[in-house]
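A short write-up of the structure that comes next.
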Amino acid sequence: MKLFAKIRKISYYLPGPPLSIDSNSNNRYHASQDEIGSDLAYKAVLKLFNDYPEIDKREIDFLIVSTLVLDYNSPTTASVLHHKLGLSSTCGTIDLPQGCSGFLYSLSVAEAMISAGNARNVLILLGEVPTKAIHSEDIVLRSIFGDAGAAIVVSENNTKAIGKFTFATFGNGFDFLKVERGGGRNPIDEAWINKYSDQVNQLPFGRIEMNGLEVLRFALKEIPGFLEQTLVKNGLTISEIDFFIFHQASAFILKSLQRKCNIPEHKFISNFEEVGNTVSCSIPIALETAAALGTFKKGDKIVLLGFGIGFSCIGTVIEW
Amino acid sequence: MEIDDFIKAIEEEFDNLNPGDVTPNSVFRDMEGWSSMHALIFVALIDSKYDVLLNGDELKSCVTINDLFDITRLKLNGGGAKA
């Protein structure tokens, strides 16, 4: 018997209250000083279990966690959250810290696990605190990023609701968007600590550094063709797609891609103004927000396209 | 491609510009409120209109609107570095 998977439920958590960053009612959310990514993911999954009591946590048989600020270098943050949530001892756990592509990478693994008969209910937990790695004088980055957590349950389904995935990596762009310091290659040292000792946020997890021009060039050069590949792989044309949800990279990149890909405005879903770029959480938050507004009807085809740090790209088409 | 079309597209792209504000000799970094964001807007605009993707070195080599136009035309005709 052929096995299929479906996004069953999504919940998300925004650490409030929102901070207004300009006069255009753009909001960003910042985690409190003692919260890191897994704390936001944890709050999101508690909300999910509370809102959807039909989801029995004892039936979760695989957990995938994506966060760029791990609880520990090892063990996995998935192990920590597995314990905190009291999941079954037969539940598999992995971390998949793939940045802005993290949700779709996790979804591709969840879909593969279920289709192969290796899992029936996969929990994806996402928690991101990019604001803790941004210098107070990085006005552009502060206007782009926000913190968030999200929880998604992917379960067996009778029909195919998640299409084929396309992947791409442009590793020659790894240096253009990265968290400087905090890793084994270039650890935080005394000089770093002294350099940022005057910061309210002393950048304990490193500092996000972005070459905005190269990120834009990557997006403009690679994403339109990558979208086309995703459609072809799923046997679809652009006119057959009801909605498009791209990673909410920045207002400018979204607008530029919408224009270059010739996507009609009413089909292009964005909530960048409301929450900013929440890294791996951005697509599920945009998806759930639109769903809650009644945007989708049964059978709608929705392109999900993630891209970012790495540089990495991943795309698929889901059926609502 | 004509420079008049190029200038018109620039004037339409920026909210604070009116027709006639930009000439071929305008130094684009002297535009009111110039920031690195404006450079990105130029790159995206030229890519959208001419399917030419300028890189950082090419941008740095330009001073006037005419310089931008010339390098775009050169790349459009197969000259210059590939995007």
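By order in the structure tokens, chains are A, B, ...; within a chain, residues start at 1; ligands start at 1, following the order shown.
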
Using 8 Å as the limit and counting only C-alpha atoms, can you tabulate each residue of chain A that touches chain B, with its shortest atom-to-atom distance in Å and the two atoms involved, as a Markdown table?
```
| residue | atom | partner | partner_atom | distance |
| --- | --- | --- | --- | --- |
| A:Gly212 | CA | B:Leu40 | CA | 7.8 |
| A:Leu213 | CA | B:Leu40 | CA | 6.1 |
| A:Glu214 | CA | B:Asn55 | CA | 7.9 |
| A:Leu216 | CA | B:Leu40 | CA | 7.3 |
| A:Arg217 | CA | B:Leu53 | CA | 7.0 |
| A:Leu220 | CA | B:Ala44 | CA | 7.6 |
| A:Lys221 | CA | B:Leu53 | CA | 7.6 |
| A:Ser256 | CA | B:Ala44 | CA | 6.6 |
| A:Arg259 | CA | B:Ser48 | CA | 7.6 |
| A:Lys260 | CA | B:Ser48 | CA | 6.2 |
```

Could you save those same residues with C-alpha atoms as an mmCIF file, in the first residue's frame?
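Written out: part.cif:
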```cif
data_model
loop_
_atom_site.group_PDB
_atom_site.id
_atom_site.type_symbol
_atom_site.label_atom_id
_atom_site.label_comp_id
_atom_site.auth_asym_id
_atom_site.auth_seq_id
_atom_site.Cartn_x
_atom_site.Cartn_y
_atom_site.Cartn_z
ATOM 1 C CA GLY A 212 22.930 42.346 1.205
ATOM 2 C CA LEU A 213 23.976 42.752 -2.422
ATOM 3 C CA GLU A 214 25.153 39.156 -2.735
ATOM 4 C CA LEU A 216 19.882 39.802 -3.479
ATOM 5 C CA ARG A 217 21.971 38.601 -6.440
ATOM 6 C CA LEU A 220 17.379 37.098 -8.336
ATOM 7 C CA LYS A 221 19.742 34.753 -10.153
ATOM 8 C CA SER A 256 11.657 41.686 -6.473
ATOM 9 C CA ARG A 259 7.963 40.718 -10.067
ATOM 10 C CA LYS A 260 10.651 38.560 -11.656
#
```

Ile65 in chain B surroundings by only C-alpha atoms, 10 Å radius, close-in-sequence under 3 positions cut, as a ChimeraX atom specification: /B:3,6-7,10,22-29,62,68-70

Restrict the selected residues to N, CA and C atoms and save them as a tab-separated table (two decimals), in the first residue's frame.
```
chain	number	residue	atom	x	y	z
B	3	ILE	N	18.80	55.39	-23.29
B	3	ILE	CA	19.03	55.94	-21.95
B	3	ILE	C	17.78	56.65	-21.41
B	6	PHE	N	15.82	54.13	-19.67
B	6	PHE	CA	16.54	53.76	-18.45
B	6	PHE	C	16.26	54.78	-17.34
B	7	ILE	N	16.36	56.04	-17.69
B	7	ILE	CA	16.12	57.11	-16.71
B	7	ILE	C	14.66	57.13	-16.27
B	10	ILE	N	14.09	54.51	-13.71
B	10	ILE	CA	14.66	54.89	-12.40
B	10	ILE	C	13.73	55.89	-11.71
B	22	VAL	N	16.39	63.19	-12.98
B	22	VAL	CA	17.60	62.42	-13.26
B	22	VAL	C	18.09	62.74	-14.67
B	23	THR	N	19.39	62.95	-14.80
B	23	THR	CA	19.99	63.13	-16.13
B	23	THR	C	21.11	62.09	-16.29
B	24	PRO	N	21.61	61.92	-17.51
B	24	PRO	CA	22.71	60.95	-17.67
B	24	PRO	C	23.91	61.27	-16.78
B	25	ASN	N	24.12	62.54	-16.49
B	25	ASN	CA	25.30	62.92	-15.69
B	25	ASN	C	25.02	62.94	-14.18
B	26	SER	N	23.83	62.59	-13.76
B	26	SER	CA	23.53	62.56	-12.32
B	26	SER	C	24.43	61.56	-11.61
B	27	VAL	N	25.00	62.00	-10.51
B	27	VAL	CA	25.83	61.11	-9.68
B	27	VAL	C	24.87	60.40	-8.72
B	28	PHE	N	24.70	59.10	-8.93
B	28	PHE	CA	23.58	58.45	-8.22
B	28	PHE	C	23.81	58.39	-6.70
B	29	ARG	N	25.06	58.36	-6.28
B	29	ARG	CA	25.31	58.32	-4.83
B	29	ARG	C	25.00	59.67	-4.17
B	62	CYS	N	30.93	52.46	-11.16
B	62	CYS	CA	30.02	53.46	-11.74
B	62	CYS	C	29.89	54.68	-10.84
B	68	LEU	N	26.14	53.57	-15.30
B	68	LEU	CA	25.28	52.40	-15.04
B	68	LEU	C	24.65	51.90	-16.35
B	69	PHE	N	24.21	52.86	-17.15
B	69	PHE	CA	23.59	52.52	-18.43
B	69	PHE	C	24.59	51.82	-19.35
B	70	ASP	N	25.80	52.36	-19.40
B	70	ASP	CA	26.83	51.79	-20.29
B	70	ASP	C	27.19	50.37	-19.89
```

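Atom pair CA of Ile283 in chain A / CA of Gly308 in chain A: separated by 12.5 Å.
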
Write down as a ChimeraX atom specification the residues belonging to range 32-230 of chain A that are assigned alpha helix (DSSP H) by DSSP computed on the backbone. /A:37-51,77-85,102-115,139-144,190-195,212-230

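Across the structure, CA of Gln258 in chain A and CA of Ala133 in chain A are spaced 28.9 Å apart.
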
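We find CA of Val153 in chain A and CA of Ile124 in chain A to be spaced 6.3 Å apart.
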
Using only C-alpha atoms, which residues sit within 10 Å of Ala286 in chain A once same-chain residues fewer than 5 positions away are excluded, as a VMD selection string? chain A and resid 245 to 248 269 to 272 274 to 275 281 291 to 292

Next, dump the selected residues to file, keeping only N, CA and C atoms, as a PDB file, in the first residue's frame.
```
ATOM      1  N   ILE A 245       3.957  30.711  -1.280  1.00  0.00           N
ATOM      2  CA  ILE A 245       4.524  31.208  -0.022  1.00  0.00           C
ATOM      3  C   ILE A 245       6.026  30.989  -0.079  1.00  0.00           C
ATOM      4  N   PHE A 246       6.746  32.092  -0.194  1.00  0.00           N
ATOM      5  CA  PHE A 246       8.207  32.057  -0.190  1.00  0.00           C
ATOM      6  C   PHE A 246       8.692  32.353   1.232  1.00  0.00           C
ATOM      7  N   HIS A 247       9.905  31.927   1.510  1.00  0.00           N
ATOM      8  CA  HIS A 247      10.524  32.357   2.765  1.00  0.00           C
ATOM      9  C   HIS A 247      10.456  33.880   2.838  1.00  0.00           C
ATOM     10  N   GLN A 248      10.058  34.392   3.989  1.00  0.00           N
ATOM     11  CA  GLN A 248       9.859  35.838   4.134  1.00  0.00           C
ATOM     12  C   GLN A 248      11.210  36.522   4.405  1.00  0.00           C
ATOM     13  N   ILE A 269       1.567  35.254  -1.002  1.00  0.00           N
ATOM     14  CA  ILE A 269       1.257  35.484   0.418  1.00  0.00           C
ATOM     15  C   ILE A 269       2.488  35.999   1.157  1.00  0.00           C
ATOM     16  N   SER A 270       2.293  37.086   1.873  1.00  0.00           N
ATOM     17  CA  SER A 270       3.389  37.638   2.672  1.00  0.00           C
ATOM     18  C   SER A 270       2.851  38.198   3.976  1.00  0.00           C
ATOM     19  N   ASN A 271       3.578  37.935   5.044  1.00  0.00           N
ATOM     20  CA  ASN A 271       3.250  38.567   6.327  1.00  0.00           C
ATOM     21  C   ASN A 271       4.502  39.220   6.904  1.00  0.00           C
ATOM     22  N   PHE A 272       5.382  39.628   5.994  1.00  0.00           N
ATOM     23  CA  PHE A 272       6.657  40.200   6.447  1.00  0.00           C
ATOM     24  C   PHE A 272       6.446  41.416   7.347  1.00  0.00           C
ATOM     25  N   GLU A 274       4.123  42.048   9.402  1.00  0.00           N
ATOM     26  CA  GLU A 274       3.613  41.708  10.738  1.00  0.00           C
ATOM     27  C   GLU A 274       4.654  41.069  11.638  1.00  0.00           C
ATOM     28  N   VAL A 275       5.528  40.216  11.066  1.00  0.00           N
ATOM     29  CA  VAL A 275       6.459  39.470  11.926  1.00  0.00           C
ATOM     30  C   VAL A 275       7.915  39.526  11.481  1.00  0.00           C
ATOM     31  N   CYS A 281      10.946  29.679  10.868  1.00  0.00           N
ATOM     32  CA  CYS A 281       9.514  29.752  11.222  1.00  0.00           C
ATOM     33  C   CYS A 281       8.695  30.511  10.178  1.00  0.00           C
ATOM     34  N   ALA A 291      -4.171  30.513   6.479  1.00  0.00           N
ATOM     35  CA  ALA A 291      -5.209  29.487   6.676  1.00  0.00           C
ATOM     36  C   ALA A 291      -6.263  29.977   7.670  1.00  0.00           C
ATOM     37  N   ALA A 292      -5.795  30.627   8.734  1.00  0.00           N
ATOM     38  CA  ALA A 292      -6.726  31.116   9.766  1.00  0.00           C
ATOM     39  C   ALA A 292      -7.654  32.189   9.205  1.00  0.00           C
TER      40      ALA A 292
END
```

Tell me which protein, DNA and RNA residues are within 7 Å of Val317 in chain A, counting only C-alpha atoms, leaving out same-chain ones fewer than 5 positions away, and put them as a PDB file with N, CA and C atoms, in the first residue's frame.
```
ATOM      1  N   ILE A 162       1.563  16.264  -0.133  1.00  0.00           N
ATOM      2  CA  ILE A 162       2.867  16.946  -0.190  1.00  0.00           C
ATOM      3  C   ILE A 162       3.577  16.428  -1.435  1.00  0.00           C
ATOM      4  N   GLY A 163       3.922  17.349  -2.332  1.00  0.00           N
ATOM      5  CA  GLY A 163       4.522  16.948  -3.605  1.00  0.00           C
ATOM      6  C   GLY A 163       5.995  16.599  -3.491  1.00  0.00           C
ATOM      7  N   LYS A 301      -3.562  24.325  -4.601  1.00  0.00           N
ATOM      8  CA  LYS A 301      -2.144  23.968  -4.730  1.00  0.00           C
ATOM      9  C   LYS A 301      -1.298  25.173  -4.300  1.00  0.00           C
ATOM     10  N   ILE A 302      -0.412  24.917  -3.349  1.00  0.00           N
ATOM     11  CA  ILE A 302       0.380  26.002  -2.763  1.00  0.00           C
ATOM     12  C   ILE A 302       1.864  25.675  -2.910  1.00  0.00           C
ATOM     13  N   VAL A 303       2.571  26.553  -3.585  1.00  0.00           N
ATOM     14  CA  VAL A 303       4.028  26.397  -3.680  1.00  0.00           C
ATOM     15  C   VAL A 303       4.661  26.918  -2.396  1.00  0.00           C
ATOM     16  N   LEU A 304       5.512  26.106  -1.798  1.00  0.00           N
ATOM     17  CA  LEU A 304       6.313  26.540  -0.647  1.00  0.00           C
ATOM     18  C   LEU A 304       7.769  26.559  -1.097  1.00  0.00           C
TER      19      LEU A 304
END
```
